[in-house]
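Chemist: To be precise about what I am sending: the file is called final.cif and holds mmCIF, C-alpha atoms.
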```
data_upload
loop_
_atom_site.label_atom_id
_atom_site.label_comp_id
_atom_site.auth_asym_id
_atom_site.auth_seq_id
_atom_site.Cartn_x
_atom_site.Cartn_y
_atom_site.Cartn_z
CA MET A 1 -24.68 42.77 -6.37
CA LYS A 2 -25.18 41.02 -3.01
CA ARG A 3 -27.85 38.77 -4.55
CA LYS A 4 -25.46 37.82 -7.37
CA ALA A 5 -22.67 37.04 -4.90
CA PHE A 6 -25.09 34.99 -2.79
CA SER A 7 -26.13 33.02 -5.88
CA ILE A 8 -22.53 32.29 -6.78
CA ILE A 9 -21.72 31.12 -3.25
CA THR A 10 -24.85 28.95 -3.18
CA ALA A 11 -23.90 27.36 -6.50
CA VAL A 12 -20.40 26.59 -5.22
CA LEU A 13 -21.75 25.03 -2.02
CA LEU A 14 -24.28 22.92 -3.94
CA SER A 15 -21.54 21.77 -6.29
CA ALA A 16 -19.30 20.82 -3.36
CA SER A 17 -22.21 18.97 -1.74
CA ALA A 18 -22.81 17.02 -4.94
CA ILE A 19 -19.14 16.02 -5.08
CA ASN A 20 -19.14 14.94 -1.44
CA ALA A 21 -22.40 13.05 -1.94
CA SER A 22 -20.73 10.93 -4.62
CA GLU A 23 -18.18 9.71 -2.07
CA PRO A 24 -19.38 6.82 0.13
CA GLU A 25 -19.57 6.90 3.90
CA TRP A 26 -17.35 4.18 5.26
CA LYS A 27 -17.91 1.55 7.93
CA LEU A 28 -15.18 -0.57 9.48
CA ALA A 29 -15.55 -4.12 8.16
CA TRP A 30 -12.36 -5.80 9.42
CA SER A 31 -9.13 -4.94 11.20
CA ASP A 32 -5.99 -6.43 12.66
CA GLU A 33 -4.59 -4.35 15.52
CA PHE A 34 -1.62 -6.70 16.07
CA ASN A 35 -2.11 -6.75 19.84
CA GLY A 36 -1.36 -10.46 20.15
CA THR A 37 1.84 -12.46 20.10
CA GLU A 38 1.57 -14.21 16.74
CA LEU A 39 0.05 -13.84 13.29
CA ASP A 40 -3.54 -14.88 12.67
CA SER A 41 -2.84 -17.84 10.40
CA THR A 42 -6.36 -17.76 8.96
CA VAL A 43 -5.52 -14.37 7.43
CA TRP A 44 -1.76 -13.91 7.13
CA LYS A 45 1.09 -15.96 5.69
CA ARG A 46 4.79 -15.19 5.57
CA THR A 47 6.03 -13.94 2.20
CA VAL A 48 8.44 -16.25 0.40
CA MET A 49 11.61 -15.79 -1.60
CA GLY A 50 11.11 -15.21 -5.32
CA SER A 51 12.77 -13.84 -8.44
CA PRO A 52 11.39 -10.24 -8.44
CA ASP A 53 13.53 -7.64 -6.68
CA TRP A 54 11.03 -7.22 -3.87
CA ALA A 55 10.97 -10.96 -3.13
CA SER A 56 14.64 -11.77 -3.53
CA THR A 57 15.39 -11.24 0.17
CA GLN A 58 12.13 -12.53 1.70
CA SER A 59 12.84 -15.18 4.31
CA PRO A 60 10.91 -17.31 6.84
CA ASP A 61 13.58 -16.67 9.50
CA PRO A 62 11.54 -16.22 12.73
CA ARG A 63 13.68 -13.25 13.84
CA LEU A 64 12.28 -11.16 10.99
CA VAL A 65 8.69 -10.97 12.29
CA GLU A 66 8.13 -9.88 15.88
CA PHE A 67 5.28 -8.63 18.06
CA ARG A 68 6.40 -5.82 20.34
CA ASP A 69 4.47 -3.27 22.41
CA GLY A 70 1.29 -3.76 20.40
CA TYR A 71 3.01 -3.51 17.01
CA LEU A 72 3.90 -5.97 14.30
CA VAL A 73 7.60 -5.47 13.54
CA LEU A 74 9.03 -6.53 10.17
CA LYS A 75 12.81 -6.54 9.94
CA GLY A 76 15.62 -6.53 7.41
CA MET A 77 19.07 -7.75 8.37
CA VAL A 78 22.37 -9.14 7.14
CA ASN A 79 21.93 -12.83 6.31
CA PRO A 80 23.79 -14.84 8.96
CA ASP A 81 23.61 -18.09 6.97
CA THR A 82 23.92 -17.88 3.19
CA THR A 83 24.15 -21.67 2.91
CA SER A 84 20.42 -22.07 3.58
CA HIS A 85 19.34 -18.77 1.95
CA PRO A 86 21.62 -17.43 -0.80
CA ALA A 87 20.73 -13.72 -0.52
CA PRO A 88 23.17 -11.42 1.33
CA TYR A 89 20.26 -9.88 3.23
CA ILE A 90 17.00 -11.31 4.56
CA CYS A 91 13.69 -9.56 5.22
CA GLY A 92 10.32 -10.29 6.76
CA GLY A 93 6.94 -9.79 5.16
CA ILE A 94 3.34 -10.95 5.41
CA TYR A 95 0.45 -11.23 2.97
CA THR A 96 -3.10 -12.55 2.62
CA LYS A 97 -2.47 -14.29 -0.69
CA ASP A 98 -4.91 -17.21 -1.07
CA THR A 99 -6.20 -16.72 2.49
CA LYS A 100 -8.28 -13.54 2.67
CA ALA A 101 -9.75 -11.49 -0.16
CA PHE A 102 -10.78 -7.86 0.25
CA ASN A 103 -13.47 -6.45 -2.00
CA PRO A 104 -13.03 -2.87 -3.24
CA GLY A 105 -13.20 -0.48 -0.30
CA ARG A 106 -10.98 1.66 1.91
CA PHE A 107 -7.66 0.45 3.33
CA GLU A 108 -5.70 2.20 6.09
CA ILE A 109 -2.39 1.00 7.51
CA ARG A 110 -0.59 2.88 10.29
CA ALA A 111 3.15 2.27 10.23
CA ARG A 112 6.50 3.73 11.19
CA LEU A 113 9.40 3.22 8.79
CA HIS A 114 12.95 3.10 10.10
CA GLY A 115 15.33 4.30 7.41
CA ALA A 116 18.48 2.67 6.09
CA LYS A 117 20.47 2.88 2.89
CA GLY A 118 18.89 0.35 0.56
CA ALA A 119 15.69 -0.06 2.63
CA TRP A 120 12.51 -0.41 0.59
CA PRO A 121 9.47 -1.09 2.81
CA ALA A 122 6.16 -1.45 1.02
CA ILE A 123 2.42 -1.80 1.61
CA TRP A 124 0.48 -2.88 -1.47
CA LEU A 125 -2.43 -4.73 -3.05
CA MET A 126 -2.59 -7.39 -5.73
CA PRO A 127 -5.56 -9.17 -7.34
CA PHE A 128 -6.78 -12.10 -5.24
CA ASP A 129 -7.45 -14.08 -8.42
CA HIS A 130 -3.76 -13.85 -9.30
CA ALA A 131 -3.71 -17.20 -11.11
CA ASN A 132 -5.97 -15.81 -13.84
CA THR A 133 -4.63 -12.26 -13.83
CA PRO A 134 -0.86 -12.35 -14.45
CA TRP A 135 1.00 -9.16 -13.66
CA PRO A 136 0.35 -6.44 -14.69
CA SER A 137 -3.00 -7.26 -16.33
CA GLY A 138 -4.79 -7.59 -12.98
CA GLY A 139 -3.29 -4.38 -11.66
CA GLU A 140 -1.14 -3.52 -8.67
CA ILE A 141 -1.86 -0.78 -6.13
CA ASP A 142 1.13 0.44 -4.12
CA ILE A 143 -0.27 2.17 -1.03
CA MET A 144 3.23 3.02 0.19
CA GLU A 145 6.80 2.52 -0.99
CA ARG A 146 9.62 4.35 0.75
CA LEU A 147 13.26 4.36 -0.33
CA ASN A 148 16.26 4.64 1.98
CA ASN A 149 15.49 7.26 4.66
CA ASN A 150 13.55 9.64 2.41
CA HIS A 151 11.14 12.28 3.68
CA GLY A 152 8.37 11.03 1.38
CA ALA A 153 6.61 7.95 0.05
CA TYR A 154 5.51 6.81 -3.40
CA GLN A 155 1.94 5.77 -4.15
CA THR A 156 1.45 4.09 -7.53
CA VAL A 157 -0.84 2.01 -9.71
CA HIS A 158 0.44 -0.47 -12.30
CA SER A 159 -1.53 -2.05 -15.14
CA ASP A 160 -1.20 -3.10 -18.77
CA TYR A 161 -1.96 0.53 -19.60
CA THR A 162 0.96 1.90 -17.55
CA VAL A 163 3.46 -0.96 -17.96
CA LYS A 164 2.93 -2.50 -21.40
CA HIS A 165 1.84 0.74 -23.08
CA GLY A 166 3.99 3.07 -20.94
CA LEU A 167 1.13 5.53 -20.33
CA THR A 168 2.01 6.89 -16.90
CA GLN A 169 1.25 10.61 -17.28
CA SER A 170 -2.28 10.73 -18.70
CA PRO A 171 -3.57 10.09 -16.12
CA ARG A 172 -0.59 10.26 -13.78
CA SER A 173 -0.01 6.85 -12.23
CA SER A 174 2.49 7.66 -9.45
CA THR A 175 2.99 10.42 -6.92
CA TYR A 176 5.55 11.20 -4.22
CA SER A 177 4.23 12.86 -1.07
CA PRO A 178 5.82 13.97 2.22
CA ILE A 179 5.58 11.90 5.39
CA ASN A 180 6.54 12.47 9.00
CA ARG A 181 9.80 10.64 8.52
CA ASP A 182 10.47 9.52 12.09
CA GLU A 183 6.86 9.09 13.20
CA PHE A 184 3.91 6.85 12.48
CA ASN A 185 1.92 7.71 9.37
CA VAL A 186 -1.40 6.37 8.11
CA TYR A 187 -1.18 5.19 4.51
CA GLY A 188 -4.49 4.72 2.77
CA VAL A 189 -6.30 4.02 -0.46
CA ASP A 190 -9.93 3.97 -1.57
CA ILE A 191 -10.84 1.70 -4.48
CA LEU A 192 -13.97 3.08 -6.13
CA PRO A 193 -15.69 2.07 -9.39
CA ASP A 194 -14.39 5.18 -11.16
CA LYS A 195 -11.07 5.96 -9.43
CA VAL A 196 -8.36 4.99 -6.97
CA VAL A 197 -7.82 7.62 -4.26
CA PHE A 198 -4.57 7.68 -2.27
CA ARG A 199 -4.20 9.27 1.15
CA ILE A 200 -1.51 9.91 3.75
CA ASN A 201 -2.64 10.83 7.26
CA GLY A 202 -6.17 11.31 6.00
CA GLU A 203 -5.26 13.86 3.33
CA ILE A 204 -5.78 13.04 -0.34
CA THR A 205 -2.42 12.90 -2.12
CA SER A 206 -3.60 11.79 -5.58
CA GLU A 207 -6.43 10.26 -7.57
CA TYR A 208 -6.16 7.87 -10.47
CA PRO A 209 -9.39 7.91 -12.55
CA ARG A 210 -10.99 5.44 -14.89
CA ILE A 211 -10.96 7.12 -18.31
CA GLU A 212 -12.51 6.52 -21.71
CA THR A 213 -9.79 5.02 -23.91
CA ASP A 214 -9.41 2.50 -26.74
CA ILE A 215 -6.27 1.15 -25.09
CA PRO A 216 -7.11 -1.92 -22.99
CA GLY A 217 -6.24 -2.51 -19.36
CA GLN A 218 -6.44 1.06 -18.07
CA PHE A 219 -8.47 0.38 -14.91
CA PRO A 220 -8.36 -3.25 -13.70
CA PHE A 221 -8.41 -2.26 -10.02
CA TYR A 222 -12.08 -2.68 -9.08
CA ARG A 223 -11.77 -6.32 -8.04
CA PRO A 224 -10.99 -8.35 -4.88
CA GLN A 225 -7.45 -7.84 -3.62
CA TYR A 226 -4.94 -9.33 -1.22
CA ILE A 227 -2.66 -7.25 1.02
CA LEU A 228 1.13 -7.39 1.21
CA ILE A 229 3.23 -5.69 3.89
CA ASP A 230 6.96 -6.28 3.67
CA MET A 231 10.37 -4.96 4.52
CA GLN A 232 12.65 -5.10 1.50
CA LEU A 233 16.37 -4.47 1.01
CA GLY A 234 18.15 -3.63 -2.22
CA GLY A 235 17.08 -3.86 -5.84
CA LYS A 236 17.39 -1.90 -9.05
CA TRP A 237 15.15 0.92 -7.88
CA VAL A 238 16.43 1.56 -4.36
CA GLY A 239 20.09 0.69 -5.04
CA GLU A 240 22.82 -0.75 -2.87
CA VAL A 241 22.41 -1.65 0.80
CA ASP A 242 24.76 -0.38 3.51
CA PRO A 243 25.08 -3.26 6.01
CA ALA A 244 26.24 -0.77 8.66
CA ASP A 245 22.66 0.58 8.73
CA LEU A 246 21.17 -2.82 9.55
CA PRO A 247 19.07 -4.22 11.07
CA VAL A 248 16.18 -2.01 9.95
CA GLU A 249 12.51 -2.22 10.93
CA MET A 250 9.00 -1.34 9.88
CA GLU A 251 6.53 -1.14 12.78
CA VAL A 252 2.88 -1.73 11.86
CA ASP A 253 0.24 -0.55 14.32
CA TYR A 254 -2.86 -1.73 12.47
CA VAL A 255 -4.52 -2.67 9.20
CA ARG A 256 -8.12 -1.43 8.87
CA TYR A 257 -10.52 -2.19 6.06
CA TYR A 258 -13.77 -0.35 5.42
CA LEU A 259 -16.76 -0.89 3.17
CA PRO A 260 -19.41 1.64 2.14
CA ALA A 261 -22.01 2.05 4.86
CA GLU A 262 -25.53 1.01 3.98
CA LYS A 263 -27.85 4.00 3.55
#
```
Show how you would write the structure in this file as structure tokens.

Modeler:
Amino acid sequence: MKRKAFSIITAVLLSASAINASEPEWKLAWSDEFNGTELDSTVWKRTVMGSPDWASTQSPDPRLVEFRDGYLVLKGMVNPDTTSHPAPYICGGIYTKDTKAFNPGRFEIRARLHGAKGAWPAIWLMPFDHANTPWPSGGEIDIMERLNNNHGAYQTVHSDYTVKHGLTQSPRSSTYSPINRDEFNVYGVDILPDKVVFRINGEITSEYPRIETDIPGQFPFYRPQYILIDMQLGGKWVGEVDPADLPVEMEVDYVRYYLPAEK
């Protein structure tokens, strides 16, 4: 009986070792710790106003991006001048679009989200070759989206498979997981050849696998990406903004990017 139990335990341990062996060991390849006084212009640009909900309040107003106490601070506020920017609210954001591409790897962003009614901060990835991969065919990876002052964050993938074909449950394309609402949290994602793995504070929250399917566009994510980090206000998903809650901030401690370590 003991020998049988020992064999079972050994088999379980070997199986677990095989699973762990399939996961890469990671090595830091690049980071921005935001310890300076201005953005690194070789990497980051300010997001610009656009027609999608997320971009409708993006503004170059210098008050919306600040460096404070070793953090990058992105703000959302009531628009003080609607003659130059028609939106009722303005928000700050940054991205590496057309400046820095990140090959598939591990991304970790440590941030604290200040809540407000209508606040919609986000950290996400889009294909660097966006000109040849119109949304959603190139995929979108939402590392973190938080609504209002909620106790949790959404982590989601979008693609032709999930958007055009509406296949969001098999496999499940979005999850909602708890965060330390008033503290810093580390939001992360691993992009692997066979799956996208989401994490919060180092713990796996969900995995989105590549599957065998005749429906095209299920897993377009294993490609170079650019990073977006932005405060957002209002929109169809988050709802109305309460101006009494503004200004609102997202503090970003760092962005760290890892690649598999050479063996």

Chemist: What lies within 12 Å of Ser206 of chain A using all atoms listed in the file, ignoring chain neighbours under 5 positions off, as a ChimeraX atom specification?

Modeler: /A:143,154-157,171-177,188-190,195-200

Chemist: If I take atom CA of Asp129 of chain A and atom CA of Ile90 of chain A, how far is one from the other in Å, to one decimal?

Modeler: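 Between these atoms lies a distance of 27.8 Å.
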
Chemist: Which residues, written as number ranges by chain, have at least one atom at most 7 Å from Gln232 of chain A, with all atoms listed in the file counted and residues fewer than 6 positions away on the same chain left out?

Modeler: A: 54, 57, 76, 91, 119-121

Chemist: Show which residues sit within 7 Å of Leu192 of chain A, as a PyMOL selection string. Count all atoms listed in the file, and ignore same-chain residues fewer than 6 positions away.

Modeler: chain A and resi 104-105+222

Chemist: Using all atoms listed in the file, can you tell me which of A:Thr168, A:Asn150, A:Asn201, A:Thr162 comes closest to Arg181 of chain A?

Modeler: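 For Arg181 of chain A, the nearest of the candidates is A:Asn150.
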
Chemist: Taking the file above as input, evaluate the PyMOL selection byres ((chain A and resi 254) around 6) and report the hits as JSON, numbers by chain.

Modeler: {"A": [32, 33, 109, 110, 252, 253, 255]}

Chemist: Could you state which residues are captured by the PyMOL selection byres ((chain A and resi 163) around 12) in this file, as a PyMOL selection string?

Modeler: chain A and resi 135-140+156-162+164-169+173+216-218

Chemist: Take the point (3.8, -10.0, 10.8) as written in the file and pick out every residue within 10 Å of it, counting all atoms listed in the file; give the list as an mmCIF file with C-alpha atoms, keeping the file's coordinate frame.

Modeler:
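What landed in out_8.cif:
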```cif
data_model
loop_
_atom_site.group_PDB
_atom_site.id
_atom_site.type_symbol
_atom_site.label_atom_id
_atom_site.label_comp_id
_atom_site.auth_asym_id
_atom_site.auth_seq_id
_atom_site.Cartn_x
_atom_site.Cartn_y
_atom_site.Cartn_z
ATOM 1 C CA PHE A 34 -1.620 -6.700 16.070
ATOM 2 C CA THR A 37 1.840 -12.460 20.100
ATOM 3 C CA GLU A 38 1.570 -14.210 16.740
ATOM 4 C CA LEU A 39 0.050 -13.840 13.290
ATOM 5 C CA ASP A 40 -3.540 -14.880 12.670
ATOM 6 C CA TRP A 44 -1.760 -13.910 7.130
ATOM 7 C CA LYS A 45 1.090 -15.960 5.690
ATOM 8 C CA ARG A 46 4.790 -15.190 5.570
ATOM 9 C CA THR A 47 6.030 -13.940 2.200
ATOM 10 C CA LEU A 64 12.280 -11.160 10.990
ATOM 11 C CA VAL A 65 8.690 -10.970 12.290
ATOM 12 C CA GLU A 66 8.130 -9.880 15.880
ATOM 13 C CA PHE A 67 5.280 -8.630 18.060
ATOM 14 C CA TYR A 71 3.010 -3.510 17.010
ATOM 15 C CA LEU A 72 3.900 -5.970 14.300
ATOM 16 C CA VAL A 73 7.600 -5.470 13.540
ATOM 17 C CA LEU A 74 9.030 -6.530 10.170
ATOM 18 C CA LYS A 75 12.810 -6.540 9.940
ATOM 19 C CA GLY A 92 10.320 -10.290 6.760
ATOM 20 C CA GLY A 93 6.940 -9.790 5.160
ATOM 21 C CA ILE A 94 3.340 -10.950 5.410
ATOM 22 C CA TYR A 95 0.450 -11.230 2.970
ATOM 23 C CA ILE A 229 3.230 -5.690 3.890
ATOM 24 C CA ASP A 230 6.960 -6.280 3.670
ATOM 25 C CA GLU A 251 6.530 -1.140 12.780
ATOM 26 C CA VAL A 252 2.880 -1.730 11.860
#
```

Chemist: As an exercise, work out the distance from atom CA of Arg210 of chain A to atom CA of Ile123 of chain A in Å and give it to one decimal place.

Modeler: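 One can read the atom CA of Arg210 of chain A to atom CA of Ile123 of chain A distance as 22.5 Å.
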
Chemist: For the provided coordinates, the residues matched by the PyMOL selection byres ((chain A and resi 86) around 12) should be stated as JSON, numbers by chain.

Modeler: {"A": [49, 50, 56, 57, 58, 59, 78, 79, 80, 81, 82, 83, 84, 85, 87, 88, 89, 90]}

Chemist: Go through A:Asp214, A:Glu145, A:Asp69, A:Glu203 one by one, measure the shortest atom-to-atom distance of each to Val186 of chain A using only C-alpha atoms, and give the residue with the smallest value.

Modeler: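 Going through A:Asp214, A:Glu145, A:Asp69, A:Glu203 one by one, the smallest distance to Val186 of chain A is for A:Glu203.
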
Chemist: So what do you get for atom CA of Ala131 of chain A versus atom CA of Ala55 of chain A, distance-wise?

Modeler: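 Computing the Euclidean distance for atom CA of Ala131 of chain A and atom CA of Ala55 of chain A yields 17.8 Å.
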
Chemist: Point out the residue among A:Gly234, A:Gly115, A:Gly70, A:Pro209 with the least atom-to-atom distance to Asp194 of chain A, counting only C-alpha atoms.

Modeler: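 Residue with the minimum atom-to-atom distance to Asp194 of chain A: A:Pro209.
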